[in-house]
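**Student:** Right, I'll just put the structure down here and ask away after.
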Amino acid sequence: MANWLSTKSVAEKYGIPKEQIREWIRLRYLTCSSIGTEPYEDNNPLIDTDELDKALEFNSLKSYPDDTMMERVRKEHLNWLYQEKARLEKVNDDLLEEIHKHARRETELGENLEKMMNYTHEILEIHEKMMKDYENKISGKGGIWPFLYHLFIIKKNKTLI
């Protein structure tokens, strides 16, 4: 059943300018009725709001109170935008997960680096201690010649026996 409203009422209800409604009537996009004159010549014809709702839905037009500030978007494009938004949110979530994995890996590598530095310090301390012990052994027995004699001659004789 048709719901008939005047052009002024439709313009206020849907936030569509009267000139736009008249243009749609002229183009025969809307069903309208007039008393005593042709609907296309009447300044204030009655408009079927059910037909207007269907036309707005078909053309994916949304009516807003301040129509000059809003941009109208086709339903197909709006659906594509929603799908693209969902896809980009998934990509964003994947990237955030990658960032978290890299942050965890960086923390792990930092800990391993700290351990390696500690081992390196221990090795350097042991090396320094060995060098001091070697210097003490050489200086305590009269220099390097007794050490070398002991190292090569005495050990060689022991292995031959």
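Residue numbering restarts at 1 for every chain of the structure tokens, chains are lettered A, B, ... in their displayed order, and ligands are numbered from 1 as they appear.
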Leaving out Lys18 in chain A and any residue of its chain fewer than 5 positions from it, which residues lie within 12 Å of it when counting only C-alpha atoms, given as a PyMOL selection string?
**Tutor:** chain A and resi 6-13+23-25+43-45+47+67
**Student:** Looking only at strand (DSSP E) from DSSP on the backbone, list the matching residues of range 29-141 of chain A as a PyMOL selection string.
**Tutor:** chain A and resi 32-33+46-48
**Student:** What does the structure give for the distance between CA of Cys32 in chain A and CA of Arg74 in chain A, in Å to one decimal?
**Tutor:**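 Separating CA of Cys32 in chain A from CA of Arg74 in chain A is a distance of 24.7 Å.
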